[in-house]
file work_29.cif (mmCIF, C-alpha atoms)
data_query
#
loop_
_atom_site.label_atom_id
_atom_site.label_comp_id
_atom_site.auth_asym_id
_atom_site.auth_seq_id
_atom_site.Cartn_x
_atom_site.Cartn_y
_atom_site.Cartn_z
CA MET H 230 0.00 0.00 0.00
CA ILE H 231 1.47 3.35 -1.05
CA LYS H 232 -0.84 5.52 1.03
CA SER H 233 -4.12 4.29 2.39
CA PRO H 234 -6.34 3.45 0.54
CA TYR H 235 -4.10 3.23 -2.59
CA ILE H 236 -2.45 0.02 -3.77
CA ILE H 237 -0.22 -0.80 -6.74
CA PHE H 238 -1.36 -3.94 -8.54
CA TYR H 239 1.27 -5.87 -10.49
CA ASN H 240 1.08 -8.33 -13.33
CA HIS H 241 2.38 -11.12 -11.07
CA SER H 242 0.37 -14.01 -9.75
CA GLU H 243 1.30 -17.34 -8.25
CA ASN H 244 -1.01 -20.18 -7.34
CA ALA H 245 1.40 -21.48 -4.70
CA ASN H 246 2.47 -18.11 -3.18
CA LEU H 247 6.05 -18.52 -4.39
CA PHE H 248 6.86 -14.83 -4.73
CA ASN H 249 10.41 -15.10 -3.33
CA ASP H 250 12.21 -14.26 -6.58
CA ILE H 251 9.90 -11.48 -7.75
CA GLU H 252 11.42 -8.07 -8.37
CA LEU H 253 8.83 -5.30 -8.43
CA LYS H 254 9.35 -3.09 -11.48
CA GLU H 255 7.38 -0.19 -12.87
CA GLU H 256 6.92 -1.94 -16.22
CA ASN H 257 5.08 -4.78 -14.43
CA ILE H 258 2.45 -2.50 -12.90
CA LEU H 259 -1.10 -3.20 -14.00
CA PHE H 260 -2.67 -0.22 -12.24
CA PHE H 261 -2.70 1.95 -9.13
CA HIS H 262 -6.07 2.28 -7.39
CA ALA H 263 -7.90 3.07 -4.17
CA VAL H 264 -9.56 0.11 -2.42
CA THR H 265 -12.03 -0.28 0.43
CA LYS H 266 -11.38 -1.99 3.76
CA GLN H 267 -14.07 -4.43 2.70
CA PHE H 268 -11.91 -5.46 -0.30
CA LEU H 269 -8.90 -5.96 1.98
CA LYS H 270 -10.90 -8.07 4.47
CA LYS H 271 -12.76 -10.29 2.00
CA SER H 272 -9.94 -10.90 -0.47
CA GLU H 273 -7.32 -13.58 0.03
CA LEU H 274 -4.41 -11.24 0.74
CA GLU H 275 -1.30 -11.66 2.82
CA THR H 276 1.78 -9.60 3.58
CA LEU H 277 4.94 -10.75 1.81
CA SER H 278 8.57 -9.85 2.40
CA ILE H 279 9.45 -8.42 -1.00
CA GLU H 280 11.65 -5.44 -1.75
CA PRO H 281 9.33 -2.50 -2.49
CA LEU H 282 9.38 -0.47 -5.66
CA ILE H 283 11.26 2.76 -4.93
CA ASP H 284 10.55 6.15 -6.55
CA TYR H 285 7.24 5.19 -8.15
CA ASN H 286 5.69 8.18 -9.92
CA ILE H 287 2.15 8.25 -8.61
CA PRO H 288 -0.40 9.15 -11.30
CA LYS H 289 -1.44 12.79 -11.38
CA LEU H 290 -4.20 12.52 -13.98
CA TRP H 291 -7.36 10.52 -13.34
CA LEU H 292 -10.77 9.93 -14.93
CA LYS H 293 -13.69 11.33 -12.94
CA GLU H 294 -16.86 9.51 -13.88
CA ASP H 295 -20.05 11.48 -14.54
CA SER H 296 -22.49 10.83 -11.69
CA SER H 297 -25.68 10.56 -13.74
CA SER H 298 -27.08 7.10 -14.42
CA ARG H 299 -28.22 5.30 -17.52
CA MET H 300 -29.69 1.99 -18.62
CA ILE H 301 -27.20 -0.40 -20.24
CA LYS H 302 -27.91 -3.53 -22.25
CA VAL H 303 -24.97 -5.82 -23.03
CA TRP H 304 -24.81 -8.80 -25.39
CA GLU H 305 -28.18 -7.71 -26.78
CA ASN H 306 -30.36 -10.33 -28.48
CA THR H 307 -28.22 -13.22 -27.23
CA PRO H 308 -28.86 -15.73 -24.42
CA ASP H 309 -26.30 -13.74 -22.37
CA GLU H 310 -28.17 -10.41 -22.59
CA ILE H 311 -28.13 -8.40 -19.34
CA GLU H 312 -29.80 -5.04 -18.77
CA TYR H 313 -29.00 -2.89 -15.75
CA ILE H 314 -28.47 0.67 -14.50
CA SER H 315 -24.95 2.11 -14.41
CA LEU H 316 -23.30 5.45 -13.68
CA GLY H 317 -21.59 7.61 -16.25
CA GLU H 318 -24.26 8.65 -18.73
CA ASN H 319 -22.00 11.46 -19.92
CA GLY H 320 -18.65 9.66 -19.74
CA ALA H 321 -15.77 11.08 -17.69
CA LYS H 322 -13.43 14.05 -17.40
CA LEU H 323 -9.66 13.81 -17.21
CA ILE H 324 -8.72 15.66 -14.01
CA ASP H 325 -5.64 16.29 -11.87
CA LYS H 326 -5.64 14.67 -8.44
CA ASN H 327 -2.99 15.19 -5.75
CA ILE H 328 -3.58 12.01 -3.76
CA LEU H 329 -0.54 12.43 -1.53
CA ASN H 330 -1.39 16.08 -0.76
CA LEU H 331 2.09 17.15 -1.77
CA ASP H 332 3.00 20.82 -1.53
CA SER H 333 5.19 20.36 -4.58
CA PHE H 334 2.39 18.91 -6.75
CA THR H 335 2.99 20.25 -10.23
CA LEU H 336 1.84 19.16 -13.63
CA SER H 337 3.95 19.31 -16.74
CA GLN H 338 2.59 21.39 -19.61
CA SER H 339 1.68 18.21 -21.51
CA GLN H 340 -0.28 16.99 -18.45
CA LYS H 341 -2.05 20.37 -18.17
CA ASP H 342 -2.93 20.18 -21.85
CA LYS H 343 -4.60 16.79 -21.32
CA ILE H 344 -6.97 17.98 -18.57
CA SER H 345 -10.44 18.14 -20.07
CA LYS H 346 -13.04 20.85 -19.74
CA SER H 347 -15.72 18.54 -21.10
CA ASN H 348 -16.49 14.86 -20.71
CA PHE H 349 -15.06 12.10 -22.85
CA THR H 350 -17.85 9.79 -23.96
CA LYS H 351 -15.65 7.46 -26.04
CA ASN H 352 -12.18 6.04 -25.52
CA ILE H 353 -10.97 6.94 -29.02
CA ASP H 354 -7.95 4.87 -30.07
CA GLY H 355 -7.41 3.80 -26.45
CA TYR H 356 -6.36 7.36 -25.48
CA LEU H 357 -7.80 6.96 -21.97
CA ASN H 358 -6.38 3.48 -21.27
CA GLU H 359 -3.46 4.83 -19.24
CA TYR H 360 -5.74 6.59 -16.73
CA GLU H 361 -7.66 5.06 -13.82
CA LEU H 362 -11.10 6.05 -12.56
CA THR H 363 -11.21 8.07 -9.32
CA SER H 364 -13.61 5.51 -7.82
CA VAL H 365 -12.70 3.40 -4.80
CA GLU H 366 -12.78 -0.29 -5.76
CA ILE H 367 -14.76 -2.85 -3.78
CA TYR H 368 -15.01 -6.62 -3.37
CA PRO H 369 -15.76 -8.56 -5.57
CA ASN H 370 -15.61 -6.08 -8.50
CA LEU H 371 -11.86 -5.56 -8.12
CA ASN H 372 -11.23 -9.28 -7.61
CA GLU H 373 -12.98 -10.00 -10.90
CA ARG H 374 -11.02 -7.25 -12.64
CA LEU H 375 -7.78 -8.82 -11.38
CA LEU H 376 -8.87 -12.24 -12.68
CA LEU H 377 -9.58 -10.65 -16.07
CA CYS H 378 -6.15 -8.97 -16.06
CA LYS H 379 -4.61 -12.38 -15.44
CA LYS H 380 -6.72 -13.98 -18.16
CA PHE H 381 -5.79 -11.33 -20.76
CA ASN H 382 -2.22 -10.93 -19.36
CA LYS H 383 -2.58 -7.14 -19.35
CA ASN H 384 -4.42 -4.32 -17.60
CA VAL H 385 -8.11 -4.41 -18.43
CA ASP H 386 -10.80 -2.32 -16.79
CA PRO H 387 -14.37 -3.49 -17.37
CA ALA H 388 -15.74 -0.41 -15.54
CA LYS H 389 -14.00 1.88 -18.03
CA ASP H 390 -15.09 -0.23 -20.98
CA ILE H 391 -18.69 -0.02 -19.77
CA LEU H 392 -18.37 3.72 -19.12
CA PHE H 393 -17.13 4.38 -22.65
CA ASN H 394 -19.61 2.02 -24.33
CA GLU H 395 -16.94 -0.36 -25.61
CA LYS H 396 -18.02 -3.71 -27.02
CA LEU H 397 -17.61 -6.08 -24.07
CA PRO H 398 -16.04 -9.50 -24.52
CA LEU H 399 -18.08 -12.36 -23.10
CA GLU H 400 -15.22 -12.97 -20.64
CA TYR H 401 -16.61 -9.93 -18.75
CA LYS H 402 -19.86 -11.79 -18.03
CA THR H 403 -19.19 -12.45 -14.33
CA TYR H 404 -18.08 -8.83 -13.82
CA VAL H 405 -21.25 -7.54 -15.51
CA LYS H 406 -23.39 -9.87 -13.40
CA ILE H 407 -21.68 -8.53 -10.26
CA VAL H 408 -22.19 -4.84 -11.08
CA SER H 409 -25.74 -5.40 -12.32
CA GLY H 410 -26.79 -6.47 -8.82
CA LYS H 411 -29.21 -8.96 -10.35
CA PHE H 412 -27.33 -12.13 -9.44
CA PRO H 413 -26.46 -13.51 -5.97
CA LEU H 414 -22.71 -13.25 -5.39
CA ALA H 415 -22.65 -16.82 -4.06
CA ASP H 416 -23.87 -18.02 -7.47
CA LEU H 417 -20.90 -16.21 -9.06
CA GLY H 418 -18.28 -17.81 -6.85
CA TYR H 419 -18.02 -15.01 -4.26
#
call {"tool": "encode", "arguments": {"input": "work_29.cif", "output": "structure tokens"}}
result
Amino acid sequence: MIKSPYIIFYNHSENANLFNDIELKEENILFFHAVTKQFLKKSELETLSIEPLIDYNIPKLWLKEDSSSRMIKVWENTPDEIEYISLGENGAKLIDKNILNLDSFTLSQSQKDKISKSNFTKNIDGYLNEYELTSVEIYPNLNERLLLCKKFNKNVDPAKDILFNEKLPLEYKTYVKIVSGKFPLADLGY
């Protein structure tokens, strides 16, 4: 944990908890995100003795989701179709966020130029992939995202894909069932 409630998630996983030879590197970071105590309590986490990553540049630009809601229908006209209400009718803004409350928080000119006055409603050419949502992740949504990252062997964010109306792969089905609130978590393996 960098600063509560923020955690760096890496593209490392072991079924037998054999993390002894792992060296944490910036290029192996999946994402950096805030998590709830509920996520920490309900997830199978343990403290390991690994050398920490030093001098990590904490993200300064984040995506702030629009708070209005909308009806979403995924996998329409298929046996997997799910309809539910989600936030972010008007997309998200790219904002600056000083999560460490540093006095020396400064943005480069290129970072300042990226801050948006209006909402992005599409993730054109993956432009927004490098930014995380300002939301605080919960159990089991984040657990399912991590499983999807492992499955695709890269950082994926179903919440962002939903927000920006991306075509969702069927591998997101459990995630969508979780966020829809229409399915008992026990039936989904949680």
call {"tool": "resolve_selection", "arguments": {"input": "work_29.cif", "expression": "the PyMOL selection byres ((chain H and resi 300-312) around 12)", "output": "PyMOL selection string"}}
result
chain H and resi 297-299+313-318+390-412
call {"tool": "closest_residue", "arguments": {"input": "work_29.cif", "among": "H:Ile237, H:Ile344, H:Leu277, H:Leu269", "to": "H:Asn372", "atoms": "all atoms listed in the file"}}
result
H:Leu269
call {"tool": "residues_around", "arguments": {"input": "work_29.cif", "residues": "stretch 349-354 of chain H", "least_positions_apart": "3", "cutoff": "7 Å", "atoms": "all atoms listed in the file", "output": "JSON, numbers by chain"}}
result
{"H": [319, 320, 321, 322, 357, 393, 394]}
call {"tool": "write_last_selection", "arguments": {"input": "work_29.cif", "atoms": "C-alpha atoms", "output": "JSON list (two decimals), in the frame of the given file"}}
result
[["chain", "number", "residue", "atom", "x", "y", "z"],
["H", 319, "ASN", "CA", -22.00, 11.46, -19.92],
["H", 320, "GLY", "CA", -18.65, 9.66, -19.74],
["H", 321, "ALA", "CA", -15.77, 11.08, -17.69],
["H", 322, "LYS", "CA", -13.43, 14.05, -17.40],
["H", 357, "LEU", "CA", -7.80, 6.96, -21.97],
["H", 393, "PHE", "CA", -17.13, 4.38, -22.65],
["H", 394, "ASN", "CA", -19.61, 2.02, -24.33]]
call {"tool": "atom_distance", "arguments": {"input": "work_29.cif", "atom1": "atom CA of H:Lys289", "atom2": "atom CA of H:Thr265"}}
result
20.6 Å
call {"tool": "closest_residue", "arguments": {"input": "work_29.cif", "among": "H:Leu414, H:Leu259, H:Ile231, H:Cys378", "to": "H:Asp284", "atoms": "all atoms listed in the file"}}
result
H:Ile231
call {"tool": "resolve_selection", "arguments": {"input": "work_29.cif", "expression": "the PyMOL selection byres ((chain H and resi 379) around 12)", "output": "ChimeraX atom specification"}}
result
/H:238-244,259,372-378,380-386,400
call {"tool": "atom_distance", "arguments": {"input": "work_29.cif", "atom1": "atom CA of H:Asn249", "atom2": "atom CA of H:Phe261"}}
result
22.3 Å
